[in-house]
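Heads up, final-v2.pdb below (PDB, C-alpha atoms, pLDDT in the B column):
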```pdb
ATOM      1  CA  MET W  11       0.000   0.000   0.000  1.00 45.00           C
ATOM      2  CA  ILE W  12       1.505   3.362  -1.026  1.00 51.00           C
ATOM      3  CA  VAL W  13       0.621   6.098   1.450  1.00 48.00           C
ATOM      4  CA  PRO W  14       1.627   9.776   1.413  1.00 54.00           C
ATOM      5  CA  ALA W  15       4.246  10.502   4.090  1.00 55.00           C
ATOM      6  CA  ARG W  16       1.965  12.892   5.956  1.00 58.00           C
ATOM      7  CA  TRP W  17      -0.712  10.236   6.505  1.00 56.00           C
ATOM      8  CA  PRO W  18       1.106   7.269   8.094  1.00 57.00           C
ATOM      9  CA  TRP W  19      -1.947   6.464  10.188  1.00 53.00           C
ATOM     10  CA  ILE W  20      -3.747   5.364   7.007  1.00 55.00           C
ATOM     11  CA  ALA W  21      -1.226   2.546   6.587  1.00 55.00           C
ATOM     12  CA  VAL W  22      -1.716   1.517  10.206  1.00 54.00           C
ATOM     13  CA  ALA W  23      -5.505   1.650   9.897  1.00 57.00           C
ATOM     14  CA  GLY W  24      -5.443  -0.359   6.670  1.00 58.00           C
ATOM     15  CA  LEU W  25      -3.110  -2.931   8.185  1.00 54.00           C
ATOM     16  CA  THR W  26      -5.289  -3.160  11.289  1.00 55.00           C
ATOM     17  CA  LEU W  27      -8.447  -3.693   9.238  1.00 55.00           C
ATOM     18  CA  ALA W  28      -6.752  -6.330   7.082  1.00 54.00           C
ATOM     19  CA  LEU W  29      -5.508  -8.239  10.112  1.00 51.00           C
ATOM     20  CA  PHE W  30      -8.843  -7.930  11.883  1.00 55.00           C
ATOM     21  CA  ALA W  31     -10.633  -9.351   8.848  1.00 55.00           C
ATOM     22  CA  THR W  32      -8.317 -12.372   8.904  1.00 57.00           C
ATOM     23  CA  GLY W  33      -9.099 -13.052  12.564  1.00 59.00           C
ATOM     24  CA  ALA W  34      -5.712 -11.992  13.979  1.00 59.00           C
ATOM     25  CA  SER W  35      -5.423 -11.622  17.733  1.00 67.00           C
ATOM     26  CA  PRO W  36      -5.348  -8.166  19.377  1.00 69.00           C
ATOM     27  CA  ALA W  37      -1.714  -8.756  20.383  1.00 69.00           C
ATOM     28  CA  THR W  38      -0.820  -9.374  16.748  1.00 79.00           C
ATOM     29  CA  LEU W  39      -2.676  -6.231  15.714  1.00 77.00           C
ATOM     30  CA  ALA W  40      -0.828  -4.164  18.322  1.00 75.00           C
ATOM     31  CA  ALA W  41       2.510  -5.630  17.266  1.00 81.00           C
ATOM     32  CA  GLN W  42       1.855  -4.873  13.597  1.00 89.00           C
ATOM     33  CA  ALA W  43       0.683  -1.323  14.348  1.00 88.00           C
ATOM     34  CA  GLY W  44       3.684  -0.731  16.595  1.00 89.00           C
ATOM     35  CA  ARG W  45       6.091  -2.023  13.988  1.00 93.00           C
ATOM     36  CA  ALA W  46       4.491   0.125  11.264  1.00 93.00           C
ATOM     37  CA  MET W  47       4.850   3.266  13.388  1.00 94.00           C
ATOM     38  CA  TYR W  48       8.427   2.295  14.320  1.00 95.00           C
ATOM     39  CA  ASP W  49       9.320   1.927  10.626  1.00 96.00           C
ATOM     40  CA  GLU W  50       7.711   5.297   9.920  1.00 96.00           C
ATOM     41  CA  GLY W  51       9.690   6.896  12.761  1.00 96.00           C
ATOM     42  CA  VAL W  52      12.987   5.495  11.474  1.00 96.00           C
ATOM     43  CA  ARG W  53      12.184   6.812   8.004  1.00 96.00           C
ATOM     44  CA  LEU W  54      11.371  10.260   9.407  1.00 96.00           C
ATOM     45  CA  LEU W  55      14.493  10.376  11.554  1.00 96.00           C
ATOM     46  CA  GLU W  56      16.632   9.453   8.554  1.00 96.00           C
ATOM     47  CA  ALA W  57      14.860  12.250   6.637  1.00 96.00           C
ATOM     48  CA  ASN W  58      15.984  14.661   9.397  1.00 95.00           C
ATOM     49  CA  GLU W  59      12.506  15.220  10.830  1.00 96.00           C
ATOM     50  CA  PRO W  60      13.062  14.344  14.509  1.00 96.00           C
ATOM     51  CA  GLY W  61       9.855  15.994  15.777  1.00 95.00           C
ATOM     52  CA  LYS W  62       7.649  13.888  13.542  1.00 96.00           C
ATOM     53  CA  ALA W  63       9.792  10.838  14.254  1.00 97.00           C
ATOM     54  CA  GLU W  64       9.305  11.372  17.997  1.00 97.00           C
ATOM     55  CA  ARG W  65       5.541  11.295  17.567  1.00 96.00           C
ATOM     56  CA  ALA W  66       5.750   8.120  15.454  1.00 96.00           C
ATOM     57  CA  PHE W  67       7.910   6.383  18.071  1.00 97.00           C
ATOM     58  CA  GLU W  68       5.530   7.478  20.826  1.00 96.00           C
ATOM     59  CA  ARG W  69       2.659   5.859  18.912  1.00 95.00           C
ATOM     60  CA  ALA W  70       4.737   2.703  18.473  1.00 95.00           C
ATOM     61  CA  ILE W  71       5.368   2.644  22.223  1.00 96.00           C
ATOM     62  CA  ALA W  72       1.666   3.202  22.893  1.00 94.00           C
ATOM     63  CA  ALA W  73       0.932   0.105  20.800  1.00 92.00           C
ATOM     64  CA  GLU W  74       3.740  -1.984  22.338  1.00 93.00           C
ATOM     65  CA  PRO W  75       5.160  -0.404  25.516  1.00 93.00           C
ATOM     66  CA  LYS W  76       7.534  -3.269  26.351  1.00 94.00           C
ATOM     67  CA  VAL W  77       9.740  -3.125  23.255  1.00 95.00           C
ATOM     68  CA  GLY W  78      13.140  -1.703  24.138  1.00 95.00           C
ATOM     69  CA  LEU W  79      14.021  -0.942  20.530  1.00 96.00           C
ATOM     70  CA  TYR W  80      11.164   1.570  20.290  1.00 97.00           C
ATOM     71  CA  HIS W  81      12.398   3.373  23.429  1.00 97.00           C
ATOM     72  CA  LEU W  82      15.938   3.441  22.038  1.00 97.00           C
ATOM     73  CA  TRP W  83      14.809   5.125  18.839  1.00 97.00           C
ATOM     74  CA  LEU W  84      12.562   7.547  20.718  1.00 97.00           C
ATOM     75  CA  GLY W  85      15.626   8.513  22.754  1.00 97.00           C
ATOM     76  CA  ARG W  86      17.577   9.032  19.544  1.00 96.00           C
ATOM     77  CA  ALA W  87      14.864  11.276  18.093  1.00 97.00           C
ATOM     78  CA  ILE W  88      14.702  13.353  21.270  1.00 97.00           C
ATOM     79  CA  GLY W  89      18.514  13.507  21.374  1.00 94.00           C
ATOM     80  CA  VAL W  90      18.650  14.963  17.872  1.00 95.00           C
ATOM     81  CA  GLN W  91      16.134  17.603  18.932  1.00 95.00           C
ATOM     82  CA  THR W  92      18.213  18.372  22.043  1.00 92.00           C
ATOM     83  CA  ILE W  93      21.219  19.352  19.928  1.00 89.00           C
ATOM     84  CA  ASN W  94      19.224  22.020  18.061  1.00 89.00           C
ATOM     85  CA  ALA W  95      16.991  23.189  20.939  1.00 92.00           C
ATOM     86  CA  ASN W  96      17.407  26.463  22.800  1.00 93.00           C
ATOM     87  CA  LEU W  97      19.368  26.500  26.060  1.00 92.00           C
ATOM     88  CA  LEU W  98      16.273  26.561  28.264  1.00 93.00           C
ATOM     89  CA  ARG W  99      14.747  23.491  26.641  1.00 94.00           C
ATOM     90  CA  GLN W 100      17.916  21.380  26.377  1.00 93.00           C
ATOM     91  CA  PRO W 101      18.012  20.089  29.996  1.00 92.00           C
ATOM     92  CA  PHE W 102      14.431  18.827  29.793  1.00 94.00           C
ATOM     93  CA  LEU W 103      15.008  17.075  26.483  1.00 95.00           C
ATOM     94  CA  ALA W 104      18.287  15.615  27.769  1.00 94.00           C
ATOM     95  CA  ARG W 105      16.497  14.108  30.761  1.00 94.00           C
ATOM     96  CA  ARG W 106      13.889  12.557  28.471  1.00 96.00           C
ATOM     97  CA  THR W 107      16.646  11.171  26.243  1.00 96.00           C
ATOM     98  CA  LYS W 108      18.376   9.594  29.242  1.00 95.00           C
ATOM     99  CA  SER W 109      15.075   8.217  30.515  1.00 96.00           C
ATOM    100  CA  GLU W 110      14.276   6.541  27.184  1.00 97.00           C
ATOM    101  CA  PHE W 111      17.754   4.994  26.940  1.00 97.00           C
ATOM    102  CA  GLU W 112      17.398   3.667  30.495  1.00 97.00           C
ATOM    103  CA  LYS W 113      13.966   2.214  29.675  1.00 97.00           C
ATOM    104  CA  ALA W 114      15.412   0.537  26.580  1.00 97.00           C
ATOM    105  CA  VAL W 115      18.176  -1.082  28.641  1.00 97.00           C
ATOM    106  CA  ALA W 116      15.718  -2.135  31.358  1.00 97.00           C
ATOM    107  CA  LEU W 117      13.331  -3.704  28.847  1.00 96.00           C
ATOM    108  CA  ASP W 118      15.995  -5.425  26.760  1.00 95.00           C
ATOM    109  CA  PRO W 119      19.371  -5.866  28.495  1.00 94.00           C
ATOM    110  CA  THR W 120      20.772  -7.510  25.347  1.00 95.00           C
ATOM    111  CA  LEU W 121      20.205  -4.347  23.286  1.00 95.00           C
ATOM    112  CA  LEU W 122      23.821  -3.197  22.955  1.00 96.00           C
ATOM    113  CA  ASP W 123      22.964  -0.004  21.062  1.00 95.00           C
ATOM    114  CA  ALA W 124      20.889   1.190  24.027  1.00 95.00           C
ATOM    115  CA  ARG W 125      23.777   0.527  26.420  1.00 96.00           C
ATOM    116  CA  ASP W 126      26.175   2.293  24.046  1.00 96.00           C
ATOM    117  CA  HIS W 127      23.935   5.355  23.760  1.00 95.00           C
ATOM    118  CA  LEU W 128      23.504   5.488  27.526  1.00 93.00           C
ATOM    119  CA  ILE W 129      27.283   5.379  28.072  1.00 94.00           C
ATOM    120  CA  ILE W 130      27.812   8.120  25.502  1.00 93.00           C
ATOM    121  CA  PHE W 131      25.091  10.170  27.185  1.00 93.00           C
ATOM    122  CA  TYR W 132      26.804   9.839  30.578  1.00 91.00           C
ATOM    123  CA  LEU W 133      30.157  10.813  29.077  1.00 92.00           C
ATOM    124  CA  GLN W 134      28.839  13.887  27.285  1.00 88.00           C
ATOM    125  CA  ALA W 135      26.115  15.218  29.589  1.00 81.00           C
ATOM    126  CA  PRO W 136      26.940  17.675  32.333  1.00 75.00           C
ATOM    127  CA  GLY W 137      27.121  16.285  35.867  1.00 66.00           C
ATOM    128  CA  ILE W 138      23.721  17.673  36.897  1.00 57.00           C
ATOM    129  CA  MET W 139      21.905  15.452  34.388  1.00 56.00           C
TER     130      MET W 139
END
```

Written form, structure tokens:
Amino acid sequence: MIVPARWPWIAVAGLTLALFATGASPATLAAQAGRAMYDEGVRLLEANEPGKAERAFERAIAAEPKVGLYHLWLGRAIGVQTINANLLRQPFLARRTKSEFEKAVALDPTLLDARDHLIIFYLQAPGIM
């Protein structure tokens, strides 16, 4: 299904309806919707649109809150925004970035990228973070 980039929810809705018609379980529907929003978020982050990517990752997490990979990528999207934010907003975004990396590690201890990002965060962030 080809969907304009500004309407990613149409792809999710179409996928949900298709799976529902086939008798898929609600867990399968949530997993598919979460994965679709995750893929959309990765695409947006690679297109240098971290604000839109953040919203896509938040929707993926709403569909599947226990997937560490989604929290890792949400942290990445927020981290990109932190670099370009004004000085008053940076500490708040940095705390959210750290929180998402920590959630990713807690949910999936084998996710090495999350551990790597958390170490880099601790090395680069000021001591008050």

Could you state which residues are captured by the PyMOL selection byres ((chain W and resi 103-106) around 9) in this file, as a ChimeraX atom specification? /W:85,88-89,91-92,95,99-102,107-111,131,135,139

Evaluate the PyMOL selection byres ((chain W and resi 54) around 12) on the structure here and hand back the selected residues as number ranges by chain. W: 15-16, 18, 47-53, 55-67, 83-84, 86-87

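Candidate residues W:Ala114, W:Leu97, W:Leu128, W:Ala40 were compared for distance to Leu79 in chain W, and the nearest is W:Ala114, using all atoms listed in the file.
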
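Remark: for Leu82 in chain W, the closest of the candidate residues W:Leu39, W:Pro136, W:Arg45, W:Lys113 is W:Lys113 (distances computed over all atoms listed in the file).
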
Check what the PyMOL selection byres ((chain W and resi 71) around 9) selects in the file above and give those residues as a PDB file with C-alpha atoms, in the coordinates of the input.
```
ATOM      1  CA  GLY W  44       3.684  -0.731  16.595  1.00 89.00           C
ATOM      2  CA  MET W  47       4.850   3.266  13.388  1.00 94.00           C
ATOM      3  CA  TYR W  48       8.427   2.295  14.320  1.00 95.00           C
ATOM      4  CA  ALA W  66       5.750   8.120  15.454  1.00 96.00           C
ATOM      5  CA  PHE W  67       7.910   6.383  18.071  1.00 97.00           C
ATOM      6  CA  GLU W  68       5.530   7.478  20.826  1.00 96.00           C
ATOM      7  CA  ARG W  69       2.659   5.859  18.912  1.00 95.00           C
ATOM      8  CA  ALA W  70       4.737   2.703  18.473  1.00 95.00           C
ATOM      9  CA  ALA W  72       1.666   3.202  22.893  1.00 94.00           C
ATOM     10  CA  ALA W  73       0.932   0.105  20.800  1.00 92.00           C
ATOM     11  CA  GLU W  74       3.740  -1.984  22.338  1.00 93.00           C
ATOM     12  CA  PRO W  75       5.160  -0.404  25.516  1.00 93.00           C
ATOM     13  CA  LYS W  76       7.534  -3.269  26.351  1.00 94.00           C
ATOM     14  CA  VAL W  77       9.740  -3.125  23.255  1.00 95.00           C
ATOM     15  CA  TYR W  80      11.164   1.570  20.290  1.00 97.00           C
ATOM     16  CA  HIS W  81      12.398   3.373  23.429  1.00 97.00           C
ATOM     17  CA  LEU W  84      12.562   7.547  20.718  1.00 97.00           C
TER      18      LEU W  84
END
```

What is the distance, in Å and to one decimal place, between CA of Asn96 in chain W and CA of His127 in chain W?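 Going from CA of Asn96 in chain W over to CA of His127 in chain W, I get 22.1 Å.
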
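Put simply, CA of Pro119 in chain W is 8.7 Å away from CA of Gly78 in chain W.
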
Just to confirm, what's the straight-line distance from CA of Glu112 in chain W to CA of Ala124 in chain W in Å (one decimal)? 7.8 Å

Need the axis-aligned box for range 112-116 of chain W with 3 Å each side, so what are the centre and edges in Å to one decimal, as JSON?
```
{"center_x": 16.1, "center_y": 0.8, "center_z": 29.0, "size_x": 10.2, "size_y": 11.8, "size_z": 10.8}
```
